[in-house]
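Heads up: the structure comes next, in structure tokens.
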Amino acid sequence: MVSTLGVAVVGFGWMGRVHTQAYQRIPHHFPQLPVRPELVAVAEEVPGRAEEAAAQFGFASTTRDWREVVRDPRVRAVSITAPNFLHREIGVAMAEAGKHIWIEKPVGLTAEDARAVADAVAAAGVRSTVGFNYRNAPAVAHARELIASGELGTVTHVRIRLFSDYAAHPDGALTWRYERARGGGGVLGDLASHGVDLARFLLGDIESLAADTAVFIPERARPTGATAGHTLATGGELGPVENEDYVNCLLRFASGARGVLEACRVSVGEQNNYGFEVHGTRGAVFWDYRRMGELGVSRGTSYQDQPVSTVFVGPGHGEYGAFQPGAANAMGYDDLKVIEAHAFLRSVAEGTAYGATLDDAVHSATALDAMSRSAAQGTWVSLG
């Protein structure tokens, strides 16, 4: 028997739209799920945006004040896709009201923020899922299986990269994303948080790290009106960029493996160049997000001159079978969020955690805080 779950979306920028579309696609890709999301409410402070969302997607009600969602008895689960600096307040309030939460990373600005939301969720006994979407790629799931099975031997080292140009234009508006108080650690929260999650998902806990950070575009023009995404602005008053454009980090894992994580938001010529290379004593795996359905795999006993084969993921790899009937059919970013929505709703339906959890968010945020301390002190920092 299928039951209905009233859901709300708080913050209707691009990510709020992605969450909404993911909810609507659940019955098509996961028809066996015993719960169906119903779009009850959307909250967005920008005038007119919530109404547009309701007209397009069918939300039953709209509001500019997310606190009305807290008080709404129809709402049993909430997507929190508002800016980072609001995550803690909204997340804690929703959990305390007994609502399950699907919250975007990095869950606030600091590890303290993430722990506060995690503690509220635990105390309320509600379920949560966090938006670490890249771990949902079927090729990443397959890479994890190969590593865990010992196919690569003992993992020796990993390199994780997240390069993008979304902030590369010097006329990019000085929005909240570039402020320490509202945007946190800049590229650390935007991209490196994903890198930390991938590192732990594939190789286990990080024991210590050493990081270096930089700001390459130190000033930007303040916008004169409402902004969305990465709006350009010229002629406005210049203000300082307070958080990081770039981070490079050395990692030591509890397993003894070593790693390098590098992330940059101002990489001219790079569009979503995300991926990893994991090396072991007998083999290696290679993944590039831009070729999401492919995994480079080297395994065997040759050691030297050992070839790399391209595996096209298919049914049997992660949740691929919910989208395509045969290997090498392409999937996209939004599909990863549908997988994430399924993990969230399944967690609610079964009372068991699936997918990335707030515990994962706390671990990621702890590593990000350690990166900031390491860069400031010029030393290795333990995560223990």
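Residues in the structure tokens are numbered from 1 in each chain, the chains being A, B, ... in the order shown, and ligands are numbered from 1 in the order shown.
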Residues flagged strand (DSSP E) by DSSP in range 109-342 of chain A, as a PyMOL selection string: chain A and resi 128-130+155-163+206-214+219-221+238-240+246-253+258-264+273-280+284-288+294-298+309-312
Within 12 Å of Gly125 in chain A, counting only C-alpha atoms, which residues qualify if same-chain residues fewer than 2 places away don't, as a PyMOL selection string? chain A and resi 94-101+118-123+127-128+347-348+351-353
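The closest residue to Arg25 in chain A, picked from A:Pro37, A:Gly189, A:Gly269, A:Gly150 and counting only C-alpha atoms, is A:Pro37.
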When DSSP works through the backbone of this structure, what residues of range 24-71 of chain A end up as alpha helix (DSSP H), shown as a ChimeraX atom specification? /A:24-29,49-57,67-71
Prev. selection, N, CA, C and O atoms, output as a JSON list (two decimals), in the first residue's frame:
[["chain", "number", "residue", "atom", "x", "y", "z"],
["A", 24, "GLN", "N", 9.01, 14.86, -8.06],
["A", 24, "GLN", "CA", 8.00, 14.53, -9.06],
["A", 24, "GLN", "C", 8.37, 13.32, -9.90],
["A", 24, "GLN", "O", 7.49, 12.63, -10.44],
["A", 25, "ARG", "N", 9.64, 13.02, -10.00],
["A", 25, "ARG", "CA", 10.08, 11.88, -10.82],
["A", 25, "ARG", "C", 10.12, 10.57, -10.05],
["A", 25, "ARG", "O", 10.29, 9.50, -10.65],
["A", 26, "ILE", "N", 9.99, 10.62, -8.73],
["A", 26, "ILE", "CA", 10.09, 9.41, -7.91],
["A", 26, "ILE", "C", 9.17, 8.29, -8.38],
["A", 26, "ILE", "O", 9.61, 7.13, -8.54],
["A", 27, "PRO", "N", 7.87, 8.53, -8.64],
["A", 27, "PRO", "CA", 7.00, 7.42, -9.05],
["A", 27, "PRO", "C", 7.40, 6.76, -10.35],
["A", 27, "PRO", "O", 7.10, 5.58, -10.58],
["A", 28, "HIS", "N", 8.08, 7.50, -11.21],
["A", 28, "HIS", "CA", 8.48, 6.95, -12.51],
["A", 28, "HIS", "C", 9.70, 6.04, -12.40],
["A", 28, "HIS", "O", 9.77, 5.01, -13.07],
["A", 29, "HIS", "N", 10.65, 6.41, -11.56],
["A", 29, "HIS", "CA", 11.90, 5.65, -11.46],
["A", 29, "HIS", "C", 11.89, 4.63, -10.32],
["A", 29, "HIS", "O", 12.60, 3.62, -10.39],
["A", 49, "ARG", "N", 8.71, 34.59, -6.51],
["A", 49, "ARG", "CA", 9.36, 33.34, -6.91],
["A", 49, "ARG", "C", 8.59, 32.12, -6.43],
["A", 49, "ARG", "O", 8.46, 31.13, -7.16],
["A", 50, "ALA", "N", 8.06, 32.16, -5.21],
["A", 50, "ALA", "CA", 7.29, 31.02, -4.70],
["A", 50, "ALA", "C", 6.02, 30.82, -5.53],
["A", 50, "ALA", "O", 5.62, 29.68, -5.82],
["A", 51, "GLU", "N", 5.38, 31.93, -5.91],
["A", 51, "GLU", "CA", 4.17, 31.83, -6.73],
["A", 51, "GLU", "C", 4.47, 31.22, -8.09],
["A", 51, "GLU", "O", 3.68, 30.42, -8.62],
["A", 52, "GLU", "N", 5.60, 31.58, -8.67],
["A", 52, "GLU", "CA", 6.01, 30.99, -9.94],
["A", 52, "GLU", "C", 6.23, 29.49, -9.79],
["A", 52, "GLU", "O", 5.85, 28.69, -10.65],
["A", 53, "ALA", "N", 6.85, 29.09, -8.67],
["A", 53, "ALA", "CA", 7.09, 27.67, -8.41],
["A", 53, "ALA", "C", 5.77, 26.91, -8.27],
["A", 53, "ALA", "O", 5.62, 25.80, -8.79],
["A", 54, "ALA", "N", 4.81, 27.53, -7.57],
["A", 54, "ALA", "CA", 3.52, 26.87, -7.39],
["A", 54, "ALA", "C", 2.79, 26.71, -8.72],
["A", 54, "ALA", "O", 2.19, 25.66, -8.99],
["A", 55, "ALA", "N", 2.87, 27.74, -9.56],
["A", 55, "ALA", "CA", 2.20, 27.68, -10.86],
["A", 55, "ALA", "C", 2.82, 26.61, -11.75],
["A", 55, "ALA", "O", 2.12, 25.93, -12.50],
["A", 56, "GLN", "N", 4.13, 26.47, -11.68],
["A", 56, "GLN", "CA", 4.81, 25.52, -12.56],
["A", 56, "GLN", "C", 4.75, 24.09, -12.05],
["A", 56, "GLN", "O", 4.57, 23.14, -12.83],
["A", 57, "PHE", "N", 4.90, 23.91, -10.73],
["A", 57, "PHE", "CA", 5.04, 22.55, -10.20],
["A", 57, "PHE", "C", 3.85, 22.07, -9.38],
["A", 57, "PHE", "O", 3.78, 20.89, -9.03],
["A", 67, "ARG", "N", 9.19, 30.03, 8.40],
["A", 67, "ARG", "CA", 8.63, 29.65, 9.71],
["A", 67, "ARG", "C", 7.19, 29.17, 9.60],
["A", 67, "ARG", "O", 6.72, 28.40, 10.45],
["A", 68, "GLU", "N", 6.50, 29.60, 8.56],
["A", 68, "GLU", "CA", 5.15, 29.09, 8.34],
["A", 68, "GLU", "C", 5.18, 27.61, 7.99],
["A", 68, "GLU", "O", 4.24, 26.87, 8.31],
["A", 69, "VAL", "N", 6.24, 27.17, 7.34],
["A", 69, "VAL", "CA", 6.39, 25.74, 7.03],
["A", 69, "VAL", "C", 6.58, 24.94, 8.31],
["A", 69, "VAL", "O", 6.05, 23.83, 8.46],
["A", 70, "VAL", "N", 7.33, 25.50, 9.26],
["A", 70, "VAL", "CA", 7.54, 24.83, 10.55],
["A", 70, "VAL", "C", 6.20, 24.54, 11.22],
["A", 70, "VAL", "O", 6.00, 23.46, 11.80],
["A", 71, "ARG", "N", 5.27, 25.49, 11.12],
["A", 71, "ARG", "CA", 3.99, 25.38, 11.81],
["A", 71, "ARG", "C", 2.93, 24.62, 11.00],
["A", 71, "ARG", "O", 1.84, 24.35, 11.51]]
Just how far from CA of Arg177 in chain A is CA of Tyr246 in chain A, in Å to one decimal?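 Distance reported for this atom pair: 14.0 Å.
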Nearest candidate to Lys105 in chain A (options A:Leu86, A:Ala327, A:Ala284, A:Val92; using only C-alpha atoms):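 Going through A:Leu86, A:Ala327, A:Ala284, A:Val92 one by one, the smallest distance to Lys105 in chain A is for A:Leu86.
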At a cut-off of 8 Å, using only C-alpha atoms, what residues contact Thr281 in chain A? Leave out same-chain residues fewer than 3 positions from it and give the result as an NGL selection string. :A and (152-156)
Counting only C-alpha atoms, what is within 9 Å of Val268 in chain A, bar same-chain residues fewer than 4 positions away, as a list in words?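 Once the adjacent positions are removed, what remains is Ser164, Asp165, Tyr166, Ala168 and His169 of chain A.
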Quick one: residues within 9 Å of range 207-219 of chain A, only C-alpha atoms, excluding same-chain residues fewer than 3 positions away - as a ChimeraX atom specification? /A:167-170,174,238-256,266,367,370-376,378-384
Keeping C-alpha atoms, export the residues of the selection given above as an mmCIF file, in the first residue's frame.
data_model
loop_
_atom_site.group_PDB
_atom_site.id
_atom_site.type_symbol
_atom_site.label_atom_id
_atom_site.label_comp_id
_atom_site.auth_asym_id
_atom_site.auth_seq_id
_atom_site.Cartn_x
_atom_site.Cartn_y
_atom_site.Cartn_z
ATOM 1 C CA ALA A 167 33.340 32.385 -10.104
ATOM 2 C CA ALA A 168 36.108 32.991 -12.642
ATOM 3 C CA HIS A 169 34.653 36.170 -14.163
ATOM 4 C CA PRO A 170 36.097 39.227 -12.386
ATOM 5 C CA LEU A 174 29.721 40.202 -4.655
ATOM 6 C CA LEU A 238 33.758 47.226 -4.822
ATOM 7 C CA GLY A 239 33.962 45.053 -1.741
ATOM 8 C CA PRO A 240 36.378 42.392 -0.478
ATOM 9 C CA VAL A 241 36.055 38.682 -1.218
ATOM 10 C CA GLU A 242 36.303 37.208 2.261
ATOM 11 C CA ASN A 243 36.443 33.480 1.572
ATOM 12 C CA GLU A 244 38.526 31.072 -0.452
ATOM 13 C CA ASP A 245 38.729 30.698 -4.223
ATOM 14 C CA TYR A 246 41.117 27.731 -4.016
ATOM 15 C CA VAL A 247 42.218 24.932 -1.691
ATOM 16 C CA ASN A 248 44.865 22.250 -1.991
ATOM 17 C CA CYS A 249 44.958 19.603 0.712
ATOM 18 C CA LEU A 250 47.089 16.594 1.610
ATOM 19 C CA LEU A 251 45.188 13.771 3.315
ATOM 20 C CA ARG A 252 46.196 10.895 5.551
ATOM 21 C CA PHE A 253 43.568 8.180 5.945
ATOM 22 C CA ALA A 254 43.079 5.905 8.941
ATOM 23 C CA SER A 255 43.828 2.993 6.585
ATOM 24 C CA GLY A 256 47.316 4.369 5.925
ATOM 25 C CA VAL A 266 37.908 30.375 -10.534
ATOM 26 C CA ALA A 367 37.534 18.302 7.667
ATOM 27 C CA ALA A 370 40.568 21.578 9.792
ATOM 28 C CA MET A 371 41.578 22.789 6.318
ATOM 29 C CA SER A 372 40.978 26.382 7.363
ATOM 30 C CA ARG A 373 43.015 25.934 10.537
ATOM 31 C CA SER A 374 45.804 24.170 8.695
ATOM 32 C CA ALA A 375 46.048 26.903 6.066
ATOM 33 C CA ALA A 376 46.142 29.607 8.765
ATOM 34 C CA GLY A 378 50.788 26.188 8.223
ATOM 35 C CA THR A 379 50.658 22.813 10.024
ATOM 36 C CA TRP A 380 49.120 19.365 9.846
ATOM 37 C CA VAL A 381 45.813 19.114 11.720
ATOM 38 C CA SER A 382 44.415 15.932 13.254
ATOM 39 C CA LEU A 383 40.733 15.069 12.809
ATOM 40 C CA GLY A 384 40.726 12.713 15.785
#
Considering only C-alpha atoms, return as a PDB file with C-alpha atoms, in the first residue's frame whatever protein or nucleic-acid residues lie within 10 Å of Leu162 in chain A, sequence-local ones (same chain, fewer than 6 positions apart) excluded.
ATOM      1  CA  VAL A 187      35.096  26.900  -2.347  1.00  0.00           C
ATOM      2  CA  ASP A 190      30.886  24.660  -2.342  1.00  0.00           C
ATOM      3  CA  LEU A 191      33.195  22.010  -3.785  1.00  0.00           C
ATOM      4  CA  ALA A 192      35.724  20.645  -1.293  1.00  0.00           C
ATOM      5  CA  HIS A 194      31.955  17.041  -2.012  1.00  0.00           C
ATOM      6  CA  GLY A 195      35.603  16.009  -2.278  1.00  0.00           C
ATOM      7  CA  VAL A 247      42.218  24.932  -1.691  1.00  0.00           C
ATOM      8  CA  LEU A 261      42.255  16.992  -2.736  1.00  0.00           C
ATOM      9  CA  GLU A 262      42.218  20.138  -4.867  1.00  0.00           C
ATOM     10  CA  ALA A 263      39.256  22.452  -5.501  1.00  0.00           C
ATOM     11  CA  CYS A 264      38.925  25.800  -7.275  1.00  0.00           C
ATOM     12  CA  ARG A 265      35.974  27.986  -8.260  1.00  0.00           C
ATOM     13  CA  SER A 267      39.522  27.885 -12.946  1.00  0.00           C
ATOM     14  CA  GLU A 270      37.180  24.305 -16.516  1.00  0.00           C
ATOM     15  CA  GLN A 271      33.491  23.475 -16.365  1.00  0.00           C
ATOM     16  CA  ASN A 272      32.600  20.918 -13.701  1.00  0.00           C
ATOM     17  CA  ASN A 273      35.911  19.092 -13.970  1.00  0.00           C
ATOM     18  CA  TYR A 274      35.269  16.778 -11.049  1.00  0.00           C
ATOM     19  CA  GLY A 275      36.723  13.337 -10.558  1.00  0.00           C
ATOM     20  CA  PHE A 276      39.174  11.031  -8.849  1.00  0.00           C
ATOM     21  CA  TYR A 289      32.060  13.399 -13.754  1.00  0.00           C
TER      22      TYR A 289
END
I'd like to know which of A:Val196, A:Val46, A:Pro307, A:Asp113 is closest to Arg64 in chain A, using only C-alpha atoms. A:Val46
May I have the residues within 12 Å of Arg299 in chain A as a list of chain:residue names, using only C-alpha atoms and disregarding those fewer than 2 positions away in the same chain?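 Neighbouring residues, sequence-local ones excluded: A:Leu146, A:Ile147, A:Gly150, A:Glu151, A:Leu152, A:Gly153, A:Val278, A:His279, A:Gly280, A:Thr281, A:Arg282, A:Gly283, A:Ala284, A:Val285, A:Phe286, A:Gly296, A:Val297, A:Thr301, A:Ser302, A:Tyr303, A:Gln304, A:Asp305, A:Gln306, A:Pro307, A:Val308, A:Ser309, A:Thr310.
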Could the residues in this selection be written to a file with C-alpha atoms, as a PDB file, in the first residue's frame?
ATOM      1  CA  LEU A 146      35.943  -2.685  -6.449  1.00  0.00           C
ATOM      2  CA  ILE A 147      37.940  -1.009  -3.677  1.00  0.00           C
ATOM      3  CA  GLY A 150      40.187  -5.927  -2.733  1.00  0.00           C
ATOM      4  CA  GLU A 151      40.280  -5.967  -6.553  1.00  0.00           C
ATOM      5  CA  LEU A 152      42.810  -3.118  -6.478  1.00  0.00           C
ATOM      6  CA  GLY A 153      44.870  -4.617  -3.675  1.00  0.00           C
ATOM      7  CA  VAL A 278      42.374   5.769  -6.774  1.00  0.00           C
ATOM      8  CA  HIS A 279      45.539   3.647  -6.874  1.00  0.00           C
ATOM      9  CA  GLY A 280      46.148   0.356  -5.123  1.00  0.00           C
ATOM     10  CA  THR A 281      48.941  -2.204  -4.988  1.00  0.00           C
ATOM     11  CA  ARG A 282      47.368  -4.227  -7.841  1.00  0.00           C
ATOM     12  CA  GLY A 283      45.178  -1.799  -9.752  1.00  0.00           C
ATOM     13  CA  ALA A 284      43.441   1.544 -10.069  1.00  0.00           C
ATOM     14  CA  VAL A 285      40.120   3.222 -10.896  1.00  0.00           C
ATOM     15  CA  PHE A 286      39.561   6.526 -12.681  1.00  0.00           C
ATOM     16  CA  GLY A 296      38.467   3.465 -15.999  1.00  0.00           C
ATOM     17  CA  VAL A 297      39.576   0.208 -14.381  1.00  0.00           C
ATOM     18  CA  THR A 301      48.743  -9.099 -11.832  1.00  0.00           C
ATOM     19  CA  SER A 302      50.909  -7.328 -14.396  1.00  0.00           C
ATOM     20  CA  TYR A 303      51.807  -4.359 -12.175  1.00  0.00           C
ATOM     21  CA  GLN A 304      53.966  -2.781 -14.893  1.00  0.00           C
ATOM     22  CA  ASP A 305      52.377  -1.814 -18.239  1.00  0.00           C
ATOM     23  CA  GLN A 306      49.012  -3.014 -16.951  1.00  0.00           C
ATOM     24  CA  PRO A 307      46.237  -1.757 -19.269  1.00  0.00           C
ATOM     25  CA  VAL A 308      43.227   0.339 -18.306  1.00  0.00           C
ATOM     26  CA  SER A 309      39.797  -0.745 -19.531  1.00  0.00           C
ATOM     27  CA  THR A 310      36.735   1.472 -19.832  1.00  0.00           C
TER      28      THR A 310
END
Separation of CA of Ser79 in chain A from CA of Gly13 in chain A in Å: 12.1 Å
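Going from CA of Trp287 in chain A over to CA of Gly16 in chain A, you cover 27.5 Å.
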For each of A:Met292, A:Ala137, A:Ala111, A:Ala356, take the minimum atom-to-atom distance to Gly318 in chain A, counting only C-alpha atoms, then give the residue where this is smallest.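 The shortest atom-to-atom distance to Gly318 in chain A comes from A:Ala137.
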